[in-house]
Structures are given as structure tokens and as C-alpha cells.
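Undergrad: The following block contains the structure, expressed as C-alpha cells.
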Amino acid sequence: MSGFRLNLRDGVGTAIDSASTVTFIFDGKSYEGLRGDSLASALIANGISIVARSFKYHRPRGIFTAGSEEPSALVTLRKGGRTEPNIRATEVELYDGLIASSQNAWPSVDFDLMAVNQLPGKAFSAGFYYKTFMGPKMAGNRTTQFWWLCEQLIRRAAGLGKGAELPDPDRYGRMNAFCDLLVVGSGAAGLAAAELAANSGASVILCEERALAGGALTSAPDFIDGQLARDWAADKCRQLVSHANVRLLTRTTVQSYFDDNTFMAVERVADHVPTPAKGQVRQRAWNIRAKSAVFATGALERPIVFPGNDKPGVMLADAVRRYAVEYGAAPGKQVVVFTNNDSGWLAARDIARTGVVVAAIVDVRPDVSDVARGAGEDSRAKVFLGSAVTRAKGFRTLSAIEISAYNELTGKVGDTRDTMGCDCLAVSGGWSPAFHLTSQQGTKPVWDAELQAFLPGNPTQKWHGAGAMCGEMGLQAALETGAAAAEAALSEAAVPAGVADIPVVDGDRIDFAPAPVFEIYTGKKSFVDLQHDVTADDVRLAHREGFVSVEHLKRYTTMGMATDQGKTSNLTGLAIMARARDLPIPEVGTTRFRPPYTPTALGAIAGELYGHLKPDRLTPMHDWHVANGASMYANGLWSRPESYNRPGESVEQAYIREARAVRAGVGLVDVSTLGKIDVQGPDAAEFLNRVYSNGFAKLPVGKARYGLMLREDGFLFDDGTTWRLDEHRFLMTTTTAGAGRVMEHLEYHLDVVWPDLKVAIASVTDEWAGVAVAGPKSREVLKACIKGVDVSDKGLPFMGVREGMINGVRVLVARLSFSGERAYEVYCGAGWGQALWDSLLKAGETFDVVPYGLEALSTLRIEKGHVAGPELNGRTTPLDLGLGGMVSNKKNFVGAALLKRSAFHEAGRLQLVAIKSTDGQKIVGGGHLVKGSLENPGESEGHTTSTCFSPELNCYISLAMLKQGTARHGERLFATSPIRNRHVAVEVVSPHMVDPEGGRMRG
Amino acid sequence: MRITCPWCGERDHQEFTYRGDAAAKRPAMSDESIEAHQAYVYDRENPDGAHRELWNHTGGCRKHLVVTRNTLTHQITLCEPIGPWAKRLKAAAK
């Protein structure tokens, strides 16, 4: 509780408005902050040190950084449906009424009972789960059972925040954008790049993660062309946005880098206000296609690992500097800087300038540059050279440190220890370039011994690095490389680059090279990955147990696998492993960063597309169905009537009534959903002859034929009738579900396999409405309303196709039967569908016509033994389904050759049969056919496919696939489903249960 | 990834459907051998580097095209038309 608000004046609190107070709530208590504060800076200014508890050990954690790389200060924001867990407090802009709460602590962050997890210490070390739960036996249980027992407890104890359980009330947007140049980062390098590109007339998108553009310039004490850095940056931004060809996106993180220079950036449009304005999106995902890109993403400071380094109060040096300078929030009353490089000394000086006491500077190096020394003198800090912080002490939060002599070459810590009181330790372990985006695209980083860091390697896509991101440290270098990168990028985008006017920097010129010190080892617990609670000893344990490859190290310890992807920890972990293996760091290797750069709300990725992302397909008669009691059923994307339920009637009662009515009289069913493909051209008949397994070449005009379509591998693909309307014109119908894939299949063969065939095809599914009129009285109904067609057996025989008129609507009528009864399919233009339906209903009135749904349709075809989707499941051949007669041996067709493969002709294949329930029980769909009992069923000999109650046979029936089924009619078996506790006695019969000779449909 | 459809122009890859190796050629209608068909259906090279493959512009003109893509970098170097109209398109381009 030692942070406080500084006296705000020029140069202290540059980012905040001292006159404007905002109130916010953290863990139920109300606090005051200032406009411009981040949640982190406001918490610091209010003296709150512990903001979270760690993932595994529930150790107190504070604020570690000042940016999106934050591993520790994760909070849950907002309430209700807007609840968002695991948000980095360092990135949250404070607004009036903001509500935040800490996570993973019970009952509170200050007093967390789960912190006992750290007592057994070693028990929860790396590999704990593997070792504990994958052994042979534990507590008399198989280990998986033991795991189930423990999982709930562990899941409750470990982890991060909880997600919202209510629907998110906010909207999310999506934008597509194209540009010549995308500039990521608006620091010195980014601004220099954007300026050159803007002046060259290129279209530029400049993305800045923070609300304020400028990057490191916003707190740099340097002058650029005589102007204070942050003023220069503000002026440059003003100039840039005045260009029509420049778009500056602040609060926008470029998250992902995909192939062909496609980027996803997420703009936090309304995260800095309590709720989005009416119609405003909360976040917007930008899909940016850039001809080239400049990455000016800077570098991330990394810590030095030492015992107790996770204690609240231990922070990165540059973060302490930024809190003091930009936010006027001092993280401590007594700051000590611990560094291995000169940038720590400059931080000490800048911190001291804001009025914070810098008590000491501890540097592992025995000697430092004059610039560092000068900065040290300015800060009036006590200087410890050749020394290291060997321990952070304090109850819950930092209260003192131990300092010992340190040999940077041997890593040896001196025997004597000085203890010094301090409540904030600012650590700098050097700088790691933020090349995450390039890594996402597979660029292998290369080691730089000078900077002791990885730099981005050679581009595999069109991008150029600038500034600290590619190891060019310092403002002058950033401005120069920014312009140079833009020039190179513009040539890729084919835009002639103008002449760069590179400003001159007046400020610190330091060498950023650090001493190669990553860890101060004394044998006590020190943390590498603060978010996943991975200790330096965990890394060494992985090494001892043989998980030495970087990929194994990562998975065994989970280092770098938390939501921050190890931004501040990966390199340190590698360095510790390298030391354990006695190898140079680059030989240990690196892992690849994955998109997104920071955790991204799923809402932003989904945008406006939620629910299922496809259209609802409704037939022209849909409204009538709904208005007439139909329960609707999703059949692929289509919505189809399941059955028309009368008051008090169940679906089963309704479909049995409907099916009975069809067999006794006549029924109408909407078949508009069937796939329909118009096939035209002089070679149309030849084409159909090649794609169907049965002959189509000689199909006469005015006739339809049922066809089987095979995949090239011999399996059944789809079926349907195709009608020859003219010498060169056919109307093909497909199954409802198969329409899309049949179309693709035909397109492929016409485009790629037989481009010489003169055939054109078009999907006309939506152009036609269709009604099937089925039942013994169907002819009477048709006769009563159709004009221009002789509906006698002679005039319209089975499989005949005619054109006629019904109540002024042109129709195509084909005499086809799916039900096994005399039946007709009547098609008309989709716009007339309802009119046709009405006409047929009216004509049927005197014959007691009933509309019937999918359930009755299915029942009728099961009784008849007609196959459909459940039998055409991609694992059956025509031979399996008793359709061998439809496989022509007089011609070649798609699938002909491979259907001859011997495995398709083996005796043990499953063949189509029907089964009848003999004990009155309902047959379970997907049940297995067995000889044994429910308890001891024996081997499965087949399975049920389509089941229903048959009104015609007055029992439950099912189509089924049974081993050698054709030869087993009459056999008694059981259809069993142990998971549903069902066991039904059945008799195997021929699938053609109704009118096997087909007299009803033909006559 | 961006694919330049010879008919429609440069489009996002989400508009396209991958249809596999363009080198797979169906045996002629006169060839009924199992081996030849087996090779057509199953045998595929898995090259590292340039790969000629079929794509269908399913969310656009629905025509097929032959895309030459580097399987290591996803870089697309060529998009050619295929099918009955390809010759005319090529002739028109000249």
C-alpha cells in the first residue's frame, strides 16, 4: 500500500487531466482516479499493491508492466452480460463508474485461503499432473478415475477469471480495408514511416495499440527538431490525419498476420466508456490487406529473475518510469533500480525527476558508461556496481531487498548481504524486440549477441522492420530506420517514394547492450513466467527429466503458454535452460508466437455473424405449413413440416394418421426442397450417362428415370429422378441434403474431367416449387384440376412427364412414387407455389386430401423399402442396398471401375433388410442387431437405419444394414441399445414390405 | 490468402473451395482398369514447394481454376483458368 499520486506539474502526469476526477470501483470499494489514468495507474495512485492472485500458488501479485505485455495484473471488468475476465489492468482506460474485481482469490486478494497451495511447494512443480494422474494405480482406483475425483477441486483452485454466463449485449463490427502500407506502431519509427508514405501519396493505415499515439515518445525526455518528443509526436499525428490517404487507428491492436499480407486488427471502439453509444459497436475487427507493411512495434523490457521476484512492488523499470512521468503515479516511496544495462540508469534519473526517491541503483556490471554514471548522479541514488538483488523481502508486498556482490561472469553471489528498505524495485534485464507478428508468419528469429536478444529474421512476406523492433535502439535510429523501411515497403507497393526528411534528436545516446545476466541464482524460489507460476527451478527440473527441447520445455512447464504467451518471460526461460544444458541461447531454440498478439474477445472475431452463419431456407408454402399446425423440422438448411398436428395430437399420432390417409386416399406433401439442376446441351444425355450408374442415353423425351450417382471410389453418392424435357434438356432432381454436393460434383466433371462435353448446368432448386400428390386417389385429384394433360395410364404412364396448366399456372407433372402408391410430382415456378398448393388442396377436398409431413413421407418410403439419407450414408454401395440391377455393365461411368474392387463383393458386407418389432416395442434408431441379451449382447451383426411405426403392417419397423442380410429374411434377432437400455425382439424381412411387385404405383 | 480468379479478379480465399491436386487425371472413358482409377482417386504427391492444385470459386463464378501454390509459404504464383471456356479467355487476354 505504498503507491501514491505525485504532485502533478509540467512533465509529471503528462497523459492525465488533473482537473477531472473519475470514480471507479475495485473489489467493491470506491476509489478516485483522474481522466487519462489507466486502471493500473489509478490503482497505484490509490496505494493498491495486490491486484491479483497467481494461477497455481495463489501468491499475491501486483502490477508488473505498463502495457499489453502485462502478465500479472489480470482483473475482471464490468458486470452481468458485459463481464469480461482476464483483462490487463495496464490496458484499461479509466472511466467514471468503472467496475473491476480481482480474480482467482477467495475470499479476497489480500487474504487468500488457497495460498496454502504454495506450502507443499514441490508437489505442484512442473509435470505434477502427468506424474500424479498418469501412473498405474492410485488410491485403489484407476488413475483416470482418480483424476475425475480431483479434477473439480483442482479446476476450482487453479486458473484465471470466470467468463460471463449471460449473453453479451454489445454489438461488434467488422471492416475490410485495403492499403499500400500498413504501419504497426506509432512511435518514432512508425511515425517516420507513415510520414514518408503519406507524403509519397500512398494509402496508409497506421495502427496504435494505445489511446494516445506516440509510443515511447509520450514519455521520452528527448527533443526532436527542437521540440519535446511528445509534442513532436502530437504534431506529426495531426499532420498525418490531415492527409486524405492516411487512416490513423488508435486503440487498435494488430493481432494477427495471415498469408498474403492479410492482417486482423481489433479496434476497441467503446471500451473506454461505460457502455457503447446507441448503435455503436464495442469493438471492431479490421481485415486489412496491405501491399506492404512496416512493423514499428518497439521492444519489450524483460526482467531479471531473482528470489522473490514476483512480490508486488517488483516491476519493470520502464513501467515505473512511465507511471511516474505519464500518469503522475508513483509505485513506491522508496524505489531501487536493479539493472544489467544503461537504460535502467536513465529510468532512475527520469523517476527521480518526478519527485520520487530513488534510493539505490544496483547494476550487475562492475563498471558502467559515463552516460549511465551521469544519470545515476542526477538521480542522487546510492550506486552498487558489480552487485545484484538477491532477494525481495516482505509480507505479501515488497518491503526490503537484499543486495550482494555479484560476479557477472561466473554468476557467483557474494557471501555478505546488505538489506535495504524499499517498496518498489524497478528491474531492467534488457530489451527484447517485439517481433511477434513476423513470428506468426513463420519468420525464424536470429540471435543478436550484442543486445542479448532475438531479432526478426528474413521476411517471408512483404514487411519491413523499423526501430527497436529490429534491434535499432534509440530515437535517432528509430527515425532513420522508420523512413528507410517505408521506402523499401513503398517500392513493393509500387508507389514512388518521396525524399525523407529525417529529424534530428537531441537527447540521451546510450548503448542498450546488457550484461548477459538473466537470473540471480541462490537456490530460492524465483519466477520466470509470472502468469503461469513457472519457476526457474521448474525449468531446471524439466532439464533434469529430459524435457530439454524448447518445445518440450514449454509443454512440460507450461512456460509461455498463458494468455500473455510469455512476452516478458520466454527469453529468460530459454537462457536458464541454455545454462543448464551448457549451450549458447540460440542453440536452445525459440518457439513460434501464435495469433492473436493479445487475447481477443470472441465477439470481435465473430462480428455480426453469430448463430449459424447460413441462410434459413424456406419453401414457398412455408407460411401455410406453419399456419396449419405443422411442427417444423430442420432438414439441412431447409425448414420442412414434420407433421401437421391436430389439437391434442402427438407427432407420432399425426404422422400415422397422415400415412394411413395417403395409403387409403390421397395426400399432399411439399417437395420443393429437392435439389433441382437444369442440364442442357447436345451432350447432356451422354453426360448423364457418365455420372449415373444406370443408363440414361436412351431415355425418351417425356420420361423420367430414377438414377444412382456414385463417387469415383464406388460408394453411393446420391439418388434422384431425372426428367428428359427435350432432346437436349433434362431436369435433374437430387436429395434435399445432397443438392450442393451433386452440383459441385457435376461442375467438377464438366470443368476439369470432360471439358469437351457440350453441356451447361444451372442450379434451379429455388426456381421451382414442388408438390407430390400421392395415394390411390391422386389421379382423381389431378384430373379435377389439370388442363392439357391426359392423366390416364396411357396418357401419363408411370415415369411419364408432361406439361400442363393448373388454374392458370404452368406446371410440369411427372408420375413418380416415393411412397409406393400411385403418385405424381407437380412442379411450377416458385412464385406460384402457394397457388399450386391451394389448387391441389381444393381439388382434393372431395377426396379428403390431407397434407402430410416429413415423418409420414419417411414412413411411407420405409414401408416401401426405398432408400434415403440414412442408407445413402457414404459407406454403402448399390450392391449393399439391393440396387445392383441399377449398375450398368454395358458402359463406363463414374465409380464403375472401383466398384469392381473385391472388397465390395465380399460375403460379410452389410446388406439392406427390414426388421419388424415382434414384441411391440419401438425400435431404436442406431440400435445394433445382435443375437444375445441386453446384458450380454454378443457381437454386432448390423444396425438400424430408418425407423418408424408402420400403419400398414401395424407394428414398429425399421430399415437396417445386416451382415449377409439378403440371405437372412425370417431370422429372429434383437435390436439393442445398451446406452438407452432398450432391447427389442425383431424379425428380419425383405425391405419391400408394401406392394413388392409395384402394382400400386404403376397401375 | 488471396486468389486471383481468372474470371472475377483478386478475391479472398474464403470465396474458394480447395479441390485437390490438379495433376490427378481421370482415366479415359474407354479405360476400365481398377489400377488406373485407383491411382486417380488415391495416389497423390505431397510436395514441399510449388503445387498445382484445383480450386473452385464456389462463392463467385463457380468455375474451377488451377492455382500454383507453394506449400511451404502459401505463396501463390499462378492462377490459370480451366474448363471449356479457358481457351477463349486466354485468347481474349492476348
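Quick note on naming: the chains in the C-alpha cells go A, B, ... in the order shown, residues restart at 1 in each chain, and ligands are numbered from 1 in order of appearance.
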What residues in chain A have any atom no more than 6 Å from chain B when counting only C-alpha atoms, and can you write them as a ChimeraX atom specification?
TA: /A:259-260,751-752,755,897-898
Undergrad: Please save N, CA, C and O atoms of the selected residues as a JSON list (two decimals), in the first residue's frame.
TA:
[["chain", "number", "residue", "atom", "x", "y", "z"],
["A", 259, "ASP", "N", -1.51, -15.05, -44.28],
["A", 259, "ASP", "CA", -0.86, -15.13, -45.58],
["A", 259, "ASP", "C", -1.26, -13.96, -46.47],
["A", 259, "ASP", "O", -2.34, -13.39, -46.33],
["A", 260, "ASP", "N", -0.40, -13.67, -47.43],
["A", 260, "ASP", "CA", -0.65, -12.63, -48.42],
["A", 260, "ASP", "C", -0.90, -11.28, -47.76],
["A", 260, "ASP", "O", -1.78, -10.52, -48.18],
["A", 751, "ASP", "N", -15.96, -29.10, -65.84],
["A", 751, "ASP", "CA", -14.86, -28.16, -65.96],
["A", 751, "ASP", "C", -13.52, -28.86, -66.15],
["A", 751, "ASP", "O", -12.69, -28.45, -66.94],
["A", 752, "VAL", "N", -13.31, -29.92, -65.39],
["A", 752, "VAL", "CA", -11.97, -30.49, -65.27],
["A", 752, "VAL", "C", -11.82, -31.81, -66.02],
["A", 752, "VAL", "O", -10.82, -32.03, -66.70],
["A", 755, "PRO", "N", -13.99, -31.41, -70.32],
["A", 755, "PRO", "CA", -14.30, -30.06, -70.81],
["A", 755, "PRO", "C", -14.79, -30.07, -72.26],
["A", 755, "PRO", "O", -15.37, -29.08, -72.71],
["A", 897, "ALA", "N", -15.27, -48.48, -62.26],
["A", 897, "ALA", "CA", -14.07, -49.31, -62.13],
["A", 897, "ALA", "C", -13.84, -49.72, -60.68],
["A", 897, "ALA", "O", -13.61, -50.89, -60.38],
["A", 898, "LEU", "N", -13.93, -48.75, -59.76],
["A", 898, "LEU", "CA", -13.58, -49.07, -58.39],
["A", 898, "LEU", "C", -14.68, -49.85, -57.67],
["A", 898, "LEU", "O", -14.42, -50.49, -56.65]]
Undergrad: If we count only C-alpha atoms and set the cut-off at 12 Å, which residues sit around segment 635-647 of chain A, ignoring sequence neighbours fewer than 3 positions away in its own chain? Please answer as a short mmCIF file (atom, residue, chain, number, x, y, z; two decimals) with N, CA, C and O atoms, in the first residue's frame.
TA:
data_model
loop_
_atom_site.label_atom_id
_atom_site.label_comp_id
_atom_site.auth_asym_id
_atom_site.auth_seq_id
_atom_site.Cartn_x
_atom_site.Cartn_y
_atom_site.Cartn_z
N HIS A 612 -25.94 -19.70 -36.45
CA HIS A 612 -25.28 -20.36 -37.56
C HIS A 612 -25.19 -19.37 -38.70
O HIS A 612 -26.02 -18.49 -38.85
N LEU A 613 -24.16 -19.49 -39.48
CA LEU A 613 -23.81 -18.41 -40.39
C LEU A 613 -24.43 -18.59 -41.77
O LEU A 613 -23.98 -18.04 -42.74
N LYS A 614 -25.47 -19.43 -41.85
CA LYS A 614 -26.04 -19.72 -43.16
C LYS A 614 -27.49 -19.28 -43.23
O LYS A 614 -28.12 -19.06 -42.20
N PRO A 615 -28.02 -19.15 -44.43
CA PRO A 615 -29.41 -18.68 -44.53
C PRO A 615 -30.39 -19.76 -44.07
O PRO A 615 -30.10 -20.94 -44.14
N ASP A 616 -31.54 -19.34 -43.61
CA ASP A 616 -32.64 -20.27 -43.38
C ASP A 616 -33.36 -20.42 -44.71
O ASP A 616 -33.76 -19.43 -45.31
N ARG A 617 -33.53 -21.63 -45.18
CA ARG A 617 -34.21 -21.82 -46.48
C ARG A 617 -35.65 -22.25 -46.21
O ARG A 617 -35.90 -23.24 -45.53
N LEU A 618 -36.56 -21.46 -46.77
CA LEU A 618 -37.99 -21.72 -46.56
C LEU A 618 -38.63 -21.95 -47.92
O LEU A 618 -38.30 -21.28 -48.90
N THR A 619 -39.55 -22.89 -47.99
CA THR A 619 -40.21 -23.16 -49.26
C THR A 619 -41.32 -22.12 -49.48
O THR A 619 -41.72 -21.44 -48.54
N PRO A 620 -41.83 -22.00 -50.72
CA PRO A 620 -42.89 -21.00 -50.96
C PRO A 620 -44.14 -21.28 -50.11
O PRO A 620 -44.94 -20.37 -49.90
N MET A 621 -44.32 -22.50 -49.66
CA MET A 621 -45.53 -22.82 -48.90
C MET A 621 -45.29 -22.81 -47.39
O MET A 621 -46.14 -23.25 -46.61
N HIS A 622 -44.13 -22.29 -46.98
CA HIS A 622 -43.74 -22.35 -45.57
C HIS A 622 -44.81 -21.76 -44.65
O HIS A 622 -45.18 -22.38 -43.64
N ASP A 623 -45.29 -20.56 -44.99
CA ASP A 623 -46.23 -19.89 -44.09
C ASP A 623 -47.51 -20.70 -43.92
O ASP A 623 -48.11 -20.74 -42.84
N TRP A 624 -47.92 -21.33 -45.02
CA TRP A 624 -49.14 -22.16 -44.94
C TRP A 624 -48.92 -23.31 -43.96
O TRP A 624 -49.77 -23.59 -43.12
N HIS A 625 -47.76 -23.94 -44.07
CA HIS A 625 -47.47 -25.07 -43.18
C HIS A 625 -47.57 -24.64 -41.72
O HIS A 625 -48.21 -25.29 -40.90
N VAL A 626 -46.92 -23.52 -41.42
CA VAL A 626 -46.89 -23.05 -40.04
C VAL A 626 -48.31 -22.71 -39.58
O VAL A 626 -48.72 -23.06 -38.46
N ALA A 627 -49.06 -22.05 -40.48
CA ALA A 627 -50.43 -21.64 -40.12
C ALA A 627 -51.35 -22.83 -39.94
O ALA A 627 -52.41 -22.72 -39.32
N ASN A 628 -50.96 -23.98 -40.50
CA ASN A 628 -51.85 -25.14 -40.42
C ASN A 628 -51.33 -26.23 -39.50
O ASN A 628 -51.54 -27.42 -39.73
N GLY A 629 -50.64 -25.78 -38.46
CA GLY A 629 -50.32 -26.70 -37.36
C GLY A 629 -49.09 -27.54 -37.55
O GLY A 629 -48.84 -28.46 -36.77
N ALA A 630 -48.31 -27.24 -38.61
CA ALA A 630 -47.14 -28.08 -38.82
C ALA A 630 -46.07 -27.79 -37.77
O ALA A 630 -45.82 -26.64 -37.45
N SER A 631 -45.48 -28.85 -37.21
CA SER A 631 -44.26 -28.65 -36.43
C SER A 631 -43.13 -28.71 -37.46
O SER A 631 -43.08 -29.61 -38.29
N MET A 632 -42.26 -27.70 -37.43
CA MET A 632 -41.25 -27.61 -38.48
C MET A 632 -39.96 -28.30 -38.03
O MET A 632 -39.64 -28.36 -36.85
N SER A 650 -50.13 -36.01 -30.85
CA SER A 650 -48.66 -36.00 -30.79
C SER A 650 -48.13 -36.15 -32.21
O SER A 650 -48.88 -36.48 -33.14
N VAL A 651 -46.83 -35.89 -32.38
CA VAL A 651 -46.21 -36.02 -33.70
C VAL A 651 -46.41 -37.44 -34.22
O VAL A 651 -46.75 -37.67 -35.38
N GLU A 652 -46.24 -38.43 -33.33
CA GLU A 652 -46.38 -39.82 -33.77
C GLU A 652 -47.81 -40.13 -34.21
O GLU A 652 -48.03 -40.73 -35.27
N GLN A 653 -48.75 -39.65 -33.42
CA GLN A 653 -50.15 -39.87 -33.82
C GLN A 653 -50.44 -39.20 -35.15
O GLN A 653 -51.12 -39.74 -36.02
N ALA A 654 -49.89 -37.99 -35.33
CA ALA A 654 -50.17 -37.23 -36.55
C ALA A 654 -49.59 -37.93 -37.77
O ALA A 654 -50.26 -38.09 -38.80
N TYR A 655 -48.34 -38.39 -37.68
CA TYR A 655 -47.75 -38.98 -38.89
C TYR A 655 -48.40 -40.31 -39.24
O TYR A 655 -48.53 -40.66 -40.41
N ILE A 656 -48.83 -41.06 -38.22
CA ILE A 656 -49.50 -42.33 -38.50
C ILE A 656 -50.83 -42.06 -39.20
O ILE A 656 -51.17 -42.70 -40.20
N ARG A 657 -51.55 -41.04 -38.73
CA ARG A 657 -52.80 -40.67 -39.37
C ARG A 657 -52.56 -40.24 -40.82
O ARG A 657 -53.26 -40.65 -41.75
N GLU A 658 -51.52 -39.42 -41.01
CA GLU A 658 -51.24 -38.90 -42.36
C GLU A 658 -50.86 -40.04 -43.31
O GLU A 658 -51.35 -40.12 -44.44
N ALA A 659 -49.97 -40.93 -42.85
CA ALA A 659 -49.51 -42.02 -43.71
C ALA A 659 -50.68 -42.94 -44.08
O ALA A 659 -50.81 -43.38 -45.23
N GLY A 667 -52.81 -37.78 -50.39
CA GLY A 667 -52.15 -36.76 -49.56
C GLY A 667 -51.28 -35.85 -50.41
O GLY A 667 -50.95 -36.18 -51.55
N LEU A 668 -50.96 -34.71 -49.82
CA LEU A 668 -50.10 -33.74 -50.50
C LEU A 668 -48.87 -33.50 -49.63
O LEU A 668 -48.99 -33.33 -48.42
N VAL A 669 -47.72 -33.46 -50.26
CA VAL A 669 -46.52 -33.12 -49.50
C VAL A 669 -45.68 -32.13 -50.30
O VAL A 669 -45.57 -32.23 -51.52
N ASP A 670 -45.12 -31.18 -49.56
CA ASP A 670 -44.28 -30.15 -50.18
C ASP A 670 -42.90 -30.74 -50.45
O ASP A 670 -42.18 -31.09 -49.52
N VAL A 671 -42.53 -30.88 -51.73
CA VAL A 671 -41.21 -31.42 -52.06
C VAL A 671 -40.34 -30.36 -52.73
O VAL A 671 -39.40 -30.69 -53.47
N SER A 672 -40.64 -29.11 -52.44
CA SER A 672 -39.87 -28.01 -53.07
C SER A 672 -38.40 -28.05 -52.70
O SER A 672 -37.57 -27.43 -53.38
N THR A 673 -38.07 -28.74 -51.61
CA THR A 673 -36.68 -28.71 -51.15
C THR A 673 -35.75 -29.61 -51.95
O THR A 673 -34.54 -29.49 -51.84
N LEU A 674 -36.32 -30.52 -52.74
CA LEU A 674 -35.46 -31.41 -53.53
C LEU A 674 -34.52 -30.57 -54.38
O LEU A 674 -34.92 -29.56 -54.95
N GLY A 675 -33.25 -31.00 -54.50
CA GLY A 675 -32.32 -30.29 -55.36
C GLY A 675 -32.74 -30.45 -56.80
O GLY A 675 -33.20 -31.52 -57.21
N THR A 735 -31.34 -35.43 -53.85
CA THR A 735 -31.87 -35.41 -52.49
C THR A 735 -31.76 -33.98 -51.96
O THR A 735 -30.95 -33.19 -52.44
N THR A 736 -32.58 -33.66 -50.96
CA THR A 736 -32.54 -32.32 -50.39
C THR A 736 -31.16 -32.00 -49.84
O THR A 736 -30.59 -30.95 -50.11
N ALA A 737 -30.61 -32.93 -49.09
CA ALA A 737 -29.32 -32.68 -48.43
C ALA A 737 -28.17 -32.73 -49.42
O ALA A 737 -27.14 -32.10 -49.21
N GLY A 738 -28.33 -33.48 -50.52
CA GLY A 738 -27.21 -33.70 -51.44
C GLY A 738 -27.10 -32.68 -52.56
O GLY A 738 -26.14 -32.73 -53.34
N ALA A 739 -28.06 -31.74 -52.63
CA ALA A 739 -28.12 -30.84 -53.78
C ALA A 739 -26.79 -30.11 -54.02
O ALA A 739 -26.30 -30.06 -55.15
N GLY A 740 -26.22 -29.57 -52.97
CA GLY A 740 -24.99 -28.78 -53.11
C GLY A 740 -23.84 -29.62 -53.60
O GLY A 740 -23.13 -29.25 -54.54
N THR A 765 -32.91 -25.15 -58.00
CA THR A 765 -33.65 -25.59 -56.82
C THR A 765 -34.65 -24.54 -56.35
O THR A 765 -35.81 -24.84 -56.07
N ASP A 766 -34.19 -23.31 -56.29
CA ASP A 766 -35.06 -22.25 -55.77
C ASP A 766 -36.06 -21.74 -56.80
O ASP A 766 -36.95 -20.97 -56.47
N VAL A 850 -55.22 -35.00 -47.48
CA VAL A 850 -54.54 -34.50 -46.28
C VAL A 850 -53.14 -34.01 -46.66
O VAL A 850 -52.48 -34.63 -47.50
N PRO A 851 -52.72 -32.93 -46.07
CA PRO A 851 -51.31 -32.58 -46.22
C PRO A 851 -50.50 -33.49 -45.30
O PRO A 851 -50.97 -33.83 -44.22
N TYR A 852 -49.35 -33.94 -45.76
CA TYR A 852 -48.53 -34.77 -44.87
C TYR A 852 -47.09 -34.26 -44.83
O TYR A 852 -46.62 -33.61 -45.75
N GLY A 853 -46.45 -34.58 -43.73
CA GLY A 853 -45.12 -34.03 -43.49
C GLY A 853 -44.01 -35.05 -43.71
O GLY A 853 -44.22 -36.15 -44.22
N LEU A 854 -42.83 -34.63 -43.28
CA LEU A 854 -41.63 -35.43 -43.48
C LEU A 854 -41.72 -36.80 -42.79
O LEU A 854 -41.21 -37.80 -43.31
N GLU A 855 -42.33 -36.84 -41.62
CA GLU A 855 -42.42 -38.10 -40.88
C GLU A 855 -43.25 -39.13 -41.64
O GLU A 855 -42.86 -40.29 -41.78
N ALA A 856 -44.40 -38.69 -42.17
CA ALA A 856 -45.25 -39.61 -42.93
C ALA A 856 -44.57 -40.00 -44.24
O ALA A 856 -44.59 -41.15 -44.66
N LEU A 857 -43.94 -38.99 -44.88
CA LEU A 857 -43.20 -39.25 -46.12
C LEU A 857 -42.17 -40.35 -45.88
O LEU A 857 -42.02 -41.30 -46.66
N SER A 858 -41.48 -40.23 -44.76
CA SER A 858 -40.44 -41.18 -44.42
C SER A 858 -41.05 -42.56 -44.10
O SER A 858 -40.54 -43.60 -44.54
N THR A 859 -42.15 -42.55 -43.36
CA THR A 859 -42.82 -43.81 -43.02
C THR A 859 -43.22 -44.57 -44.28
O THR A 859 -42.98 -45.78 -44.41
N GLY A 869 -31.39 -40.76 -47.12
CA GLY A 869 -30.16 -40.32 -46.45
C GLY A 869 -29.53 -41.31 -45.49
O GLY A 869 -28.33 -41.58 -45.56
#
Undergrad: Calculated over only C-alpha atoms, which of the candidates A:Gly457, A:Gly1003, A:Pro167, A:Gly421 has the smallest distance to Ser792 of chain A?
TA: A:Gly1003
Undergrad: Given only C-alpha atoms as the basis, pick out the residue of A:Asp511, A:Glu402, A:Asp506, A:Asp318 nearest to Gln227 of chain A.
TA: A:Asp506
Undergrad: Figure out the distance between atom CA of Thr262 of chain A and atom CA of Gly298 of chain A, please, to one decimal in Å.
TA: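 Atom CA of Thr262 of chain A lies at a distance of 21.0 Å from atom CA of Gly298 of chain A.
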Undergrad: Measuring between only C-alpha atoms, which one of A:Arg1000, A:Arg171, A:His905, A:Arg509 shows the shortest distance to Lys777 of chain A?
TA: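 Result for the nearest residue to Lys777 of chain A: A:Arg1000.
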Undergrad: At a cut-off of 12 Å, using only C-alpha atoms, what residues contact Asp683 of chain A? Leave out same-chain residues fewer than 6 positions from it and give the result as JSON, numbers by chain.
TA: {"A": [689, 690, 696, 697, 727, 728, 729, 730, 750, 754, 755, 756, 757, 758, 759, 760, 761]}
Undergrad: Output as a VMD selection string all residues of segment 705-940 of chain A that backbone DSSP marks as helix (DSSP H, G or I).
TA: chain A and resid 739 to 753 765 to 767 778 to 785 830 to 847 854 to 864 884 to 886 896 to 899 902 to 905
Undergrad: Report the distance between atom CA of Gly81 of chain A and atom CA of Ala604 of chain A in Å, rounded to one decimal place.
TA: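 Answer for the atom CA of Gly81 of chain A to atom CA of Ala604 of chain A separation: 15.3 Å.
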Undergrad: Once DSSP has gone over the backbone, tell me which residues of segment 181-356 of chain A are in strand (DSSP E), as a PyMOL selection string.
TA: chain A and resi 181-184+204-207+223-224+227-228+246-249+252-258+262-267+283-295+299-301+314-316+329-330+334-339
Undergrad: What does the distance from atom CA of Phe295 of chain A to atom CA of Val184 of chain A come to in Å, to one decimal?
TA: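 Spanning atom CA of Phe295 of chain A to atom CA of Val184 of chain A is a straight-line distance of 5.0 Å.
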Undergrad: So which one's closest to Arg660 of chain A, A:Ser379, A:Ser950, A:Ser387, A:Ser72? Using only C-alpha atoms, please.
TA: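 Ranked by minimum distance to Arg660 of chain A, first place goes to A:Ser950.
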Undergrad: Residues within 9 Å of segment 909-916 of chain A, please, as a PyMOL selection string. Count only C-alpha atoms; anything in the same chain fewer than 4 positions from it doesn't count.
TA: chain A and resi 862-863+865+871+876+879-882+903-905+923+941-944+953+955-966+968-969+973+975+985-993
Undergrad: Tell me which protein, DNA and RNA residues are within 9 Å of Leu74 of chain A, counting only C-alpha atoms, leaving out same-chain ones fewer than 4 positions away, and put them as a PyMOL selection string.
TA: chain A and resi 51-53+63+70+85-90+102-103+160-161
